[in-house]
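Undergrad: One structure follows; several queries about it will come next.
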Amino acid sequence: MRRLACIFLTAGLYAQTPQFEVASMKALPRGEPGRQRTADGAQLRYPSVSLLSLLREAYRLKTTQQVDGPEWMRTQMYAIQAKLPANSLSDHIPEMLQALLAERLRLSVHHESRPLPNNVLLVGRKGPKMRQATEKDEDLDLKLDVPLVSLTGRGSVQQLIDQLNHGLGGSDPWVDMTGLSGLFEIKLEYDMSRDSAAAQPDDALSLPKLPAALEQQLGLRVEVRKAPTDIVVVDRVEKIPVEN
């Protein structure tokens, strides 16, 4: 009886795992550039996406450093078309991607905790320069003219951290240790290029690098500290999807 109960429990849990109603996945020719996913109602399309990007979305990872797998996961692109089940939540898409990757690419992974460099955000030595927002509506607007970045509006420090963790703050994770709560009037403009000569000091359009911009404009400072970070390690994955 106990064995039967375990079988029924496992089957029940599997049945409850969110999955796409139907999905197709195919490998694209080498050299195909990445393109952003689109959504139209219940239809979800990835015209060209790498396995690395899929893993980051599927497991809700903040940076590329949090995935340990084959080198080709960065360059091999896939095209995916999927239909969401009726009344499904977009919050369940990561779990649906996990199920799709396990089925089509025979993906299996495990989690590890490894010490990695983290950008720890702290209050500057002279205190924050941001004003507390008088309005309660969140309105943090992003303008991106690579390599120049502008984040302006009302938002929390955690929202700022979220933006930095989604590609605007480099490859290392960002962690909020300011202790600041509530909404603030935020205006942050910086140069995200790696080449320090990309913006000349005498240029009227030149902007500081991110650490300097945080301190000068918001009164926040950055310290790099190693901290335990969740890593997804790829144990097994096939390069070519099984037939749809």
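Residues are named by chain letter and number: chains run A, B, ... in the order of the structure tokens, numbers start at 1 in each chain, and ligands are numbered from 1 in the order shown.
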What lies within 7 Å of Ser48 (chain A) using only C-alpha atoms, ignoring chain neighbours under 3 positions off, as a ChimeraX atom specification?

TA: /A:33-35,77-79

Undergrad: What's the 7 Å shell around Leu142 (chain A), counting only C-alpha atoms, without same-chain residues fewer than 5 positions away, as a list of chain:residue names?

TA: A:Ser150, A:Leu151, A:Thr152

Undergrad: Output N, CA and C atoms for every residue in the selection just made, as an mmCIF file, in the first residue's frame.

TA:
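Result saved to again-v9.cif:
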```cif
data_model
loop_
_atom_site.group_PDB
_atom_site.id
_atom_site.type_symbol
_atom_site.label_atom_id
_atom_site.label_comp_id
_atom_site.auth_asym_id
_atom_site.auth_seq_id
_atom_site.Cartn_x
_atom_site.Cartn_y
_atom_site.Cartn_z
ATOM 1 N N SER A 150 20.106 55.449 -18.686
ATOM 2 C CA SER A 150 19.420 56.434 -17.860
ATOM 3 C C SER A 150 18.251 55.763 -17.160
ATOM 4 N N LEU A 151 18.247 55.811 -15.820
ATOM 5 C CA LEU A 151 17.150 55.302 -15.004
ATOM 6 C C LEU A 151 16.600 56.464 -14.196
ATOM 7 N N THR A 152 15.372 56.858 -14.474
ATOM 8 C CA THR A 152 14.788 57.997 -13.780
ATOM 9 C C THR A 152 13.363 57.681 -13.348
#
```

Undergrad: Can you measure CA of Val146 (chain A) to CA of Leu210 (chain A) for me? One decimal in Å is fine.

TA: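 Taking CA of Val146 (chain A) as the start and CA of Leu210 (chain A) as the end point, the length is 13.5 Å.
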
Undergrad: Skipping near chain neighbours, those fewer than 5 positions away, what residues fall within 10 Å of region 177-183 of chain A using only C-alpha atoms, listed as an NGL selection string?

TA: :A and (119-124 or 128 or 130-139 or 153-159 or 220-222)

Undergrad: Please, could you write that set of residues out with N, CA and C atoms as a PDB file, in the first residue's frame?

TA:
```
ATOM      1  N   ASN A 119      28.263  42.392  -6.064  1.00  0.00           N
ATOM      2  CA  ASN A 119      28.301  43.840  -5.874  1.00  0.00           C
ATOM      3  C   ASN A 119      27.330  44.197  -4.756  1.00  0.00           C
ATOM      4  N   VAL A 120      27.862  44.552  -3.609  1.00  0.00           N
ATOM      5  CA  VAL A 120      27.028  44.889  -2.451  1.00  0.00           C
ATOM      6  C   VAL A 120      26.792  46.396  -2.449  1.00  0.00           C
ATOM      7  N   LEU A 121      25.521  46.790  -2.500  1.00  0.00           N
ATOM      8  CA  LEU A 121      25.159  48.207  -2.524  1.00  0.00           C
ATOM      9  C   LEU A 121      24.935  48.693  -1.096  1.00  0.00           C
ATOM     10  N   LEU A 122      25.671  49.761  -0.728  1.00  0.00           N
ATOM     11  CA  LEU A 122      25.620  50.313   0.626  1.00  0.00           C
ATOM     12  C   LEU A 122      25.344  51.814   0.555  1.00  0.00           C
ATOM     13  N   VAL A 123      24.910  52.377   1.661  1.00  0.00           N
ATOM     14  CA  VAL A 123      24.742  53.830   1.746  1.00  0.00           C
ATOM     15  C   VAL A 123      26.118  54.475   1.758  1.00  0.00           C
ATOM     16  N   GLY A 124      26.278  55.564   0.995  1.00  0.00           N
ATOM     17  CA  GLY A 124      27.552  56.264   0.943  1.00  0.00           C
ATOM     18  C   GLY A 124      27.931  56.862   2.279  1.00  0.00           C
ATOM     19  N   PRO A 128      22.581  59.028   1.798  1.00  0.00           N
ATOM     20  CA  PRO A 128      21.937  59.000   0.481  1.00  0.00           C
ATOM     21  C   PRO A 128      21.582  60.392  -0.012  1.00  0.00           C
ATOM     22  N   MET A 130      19.258  60.649  -2.528  1.00  0.00           N
ATOM     23  CA  MET A 130      17.922  60.506  -3.119  1.00  0.00           C
ATOM     24  C   MET A 130      16.865  61.101  -2.178  1.00  0.00           C
ATOM     25  N   ARG A 131      15.888  61.780  -2.773  1.00  0.00           N
ATOM     26  CA  ARG A 131      14.772  62.304  -1.978  1.00  0.00           C
ATOM     27  C   ARG A 131      13.684  61.246  -1.863  1.00  0.00           C
ATOM     28  N   GLN A 132      13.058  61.171  -0.694  1.00  0.00           N
ATOM     29  CA  GLN A 132      11.919  60.266  -0.516  1.00  0.00           C
ATOM     30  C   GLN A 132      10.803  60.723  -1.440  1.00  0.00           C
ATOM     31  N   ALA A 133      10.199  59.788  -2.156  1.00  0.00           N
ATOM     32  CA  ALA A 133       9.128  60.133  -3.103  1.00  0.00           C
ATOM     33  C   ALA A 133       7.864  60.516  -2.346  1.00  0.00           C
ATOM     34  N   THR A 134       7.220  61.601  -2.798  1.00  0.00           N
ATOM     35  CA  THR A 134       5.974  62.026  -2.168  1.00  0.00           C
ATOM     36  C   THR A 134       4.783  61.276  -2.733  1.00  0.00           C
ATOM     37  N   GLU A 135       4.884  60.839  -3.995  1.00  0.00           N
ATOM     38  CA  GLU A 135       3.822  60.041  -4.605  1.00  0.00           C
ATOM     39  C   GLU A 135       4.133  58.564  -4.403  1.00  0.00           C
ATOM     40  N   LYS A 136       3.072  57.760  -4.279  1.00  0.00           N
ATOM     41  CA  LYS A 136       3.248  56.345  -3.964  1.00  0.00           C
ATOM     42  C   LYS A 136       3.335  55.459  -5.207  1.00  0.00           C
ATOM     43  N   ASP A 137       2.993  56.011  -6.379  1.00  0.00           N
ATOM     44  CA  ASP A 137       3.019  55.195  -7.598  1.00  0.00           C
ATOM     45  C   ASP A 137       4.462  54.950  -8.038  1.00  0.00           C
ATOM     46  N   GLU A 138       4.755  53.693  -8.377  1.00  0.00           N
ATOM     47  CA  GLU A 138       6.083  53.342  -8.877  1.00  0.00           C
ATOM     48  C   GLU A 138       6.178  53.693 -10.352  1.00  0.00           C
ATOM     49  N   ASP A 139       7.268  54.352 -10.730  1.00  0.00           N
ATOM     50  CA  ASP A 139       7.417  54.791 -12.112  1.00  0.00           C
ATOM     51  C   ASP A 139       8.895  54.962 -12.427  1.00  0.00           C
ATOM     52  N   GLY A 153      12.929  58.314 -12.265  1.00  0.00           N
ATOM     53  CA  GLY A 153      11.556  58.169 -11.805  1.00  0.00           C
ATOM     54  C   GLY A 153      11.489  57.776 -10.345  1.00  0.00           C
ATOM     55  N   ARG A 154      10.321  57.262  -9.943  1.00  0.00           N
ATOM     56  CA  ARG A 154      10.107  56.830  -8.563  1.00  0.00           C
ATOM     57  C   ARG A 154      10.270  55.327  -8.463  1.00  0.00           C
ATOM     58  N   GLY A 155      11.032  54.890  -7.493  1.00  0.00           N
ATOM     59  CA  GLY A 155      11.233  53.460  -7.322  1.00  0.00           C
ATOM     60  C   GLY A 155      11.946  53.166  -6.023  1.00  0.00           C
ATOM     61  N   SER A 156      11.974  51.894  -5.684  1.00  0.00           N
ATOM     62  CA  SER A 156      12.674  51.448  -4.479  1.00  0.00           C
ATOM     63  C   SER A 156      14.108  51.062  -4.831  1.00  0.00           C
ATOM     64  N   VAL A 157      14.923  50.930  -3.812  1.00  0.00           N
ATOM     65  CA  VAL A 157      16.300  50.479  -4.039  1.00  0.00           C
ATOM     66  C   VAL A 157      16.292  49.065  -4.611  1.00  0.00           C
ATOM     67  N   GLN A 158      15.330  48.242  -4.172  1.00  0.00           N
ATOM     68  CA  GLN A 158      15.249  46.879  -4.689  1.00  0.00           C
ATOM     69  C   GLN A 158      14.930  46.876  -6.182  1.00  0.00           C
ATOM     70  N   GLN A 159      14.088  47.805  -6.635  1.00  0.00           N
ATOM     71  CA  GLN A 159      13.814  47.904  -8.073  1.00  0.00           C
ATOM     72  C   GLN A 159      15.080  48.285  -8.836  1.00  0.00           C
ATOM     73  N   LEU A 220      25.165  56.406  -2.957  1.00  0.00           N
ATOM     74  CA  LEU A 220      25.318  54.988  -2.629  1.00  0.00           C
ATOM     75  C   LEU A 220      26.703  54.528  -3.084  1.00  0.00           C
ATOM     76  N   ARG A 221      27.245  53.537  -2.396  1.00  0.00           N
ATOM     77  CA  ARG A 221      28.559  53.033  -2.783  1.00  0.00           C
ATOM     78  C   ARG A 221      28.515  51.513  -2.970  1.00  0.00           C
ATOM     79  N   VAL A 222      29.516  51.012  -3.667  1.00  0.00           N
ATOM     80  CA  VAL A 222      29.570  49.594  -4.012  1.00  0.00           C
ATOM     81  C   VAL A 222      30.821  48.963  -3.414  1.00  0.00           C
TER      82      VAL A 222
END
```

Undergrad: Enumerate as a ChimeraX atom specification all residues of region 58-177 of chain A assigned to strand (DSSP E or B) by DSSP on the backbone, naming them with the chain letters and numbers the document uses.

TA: /A:67-68,77-83,108-123,131-132,139-145,148-155,174-176

Undergrad: If I take CA of Ser113 (chain A) and CA of Asn165 (chain A), how far is one from the other in Å, to one decimal?

TA: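 Distance reported for this atom pair: 18.3 Å.
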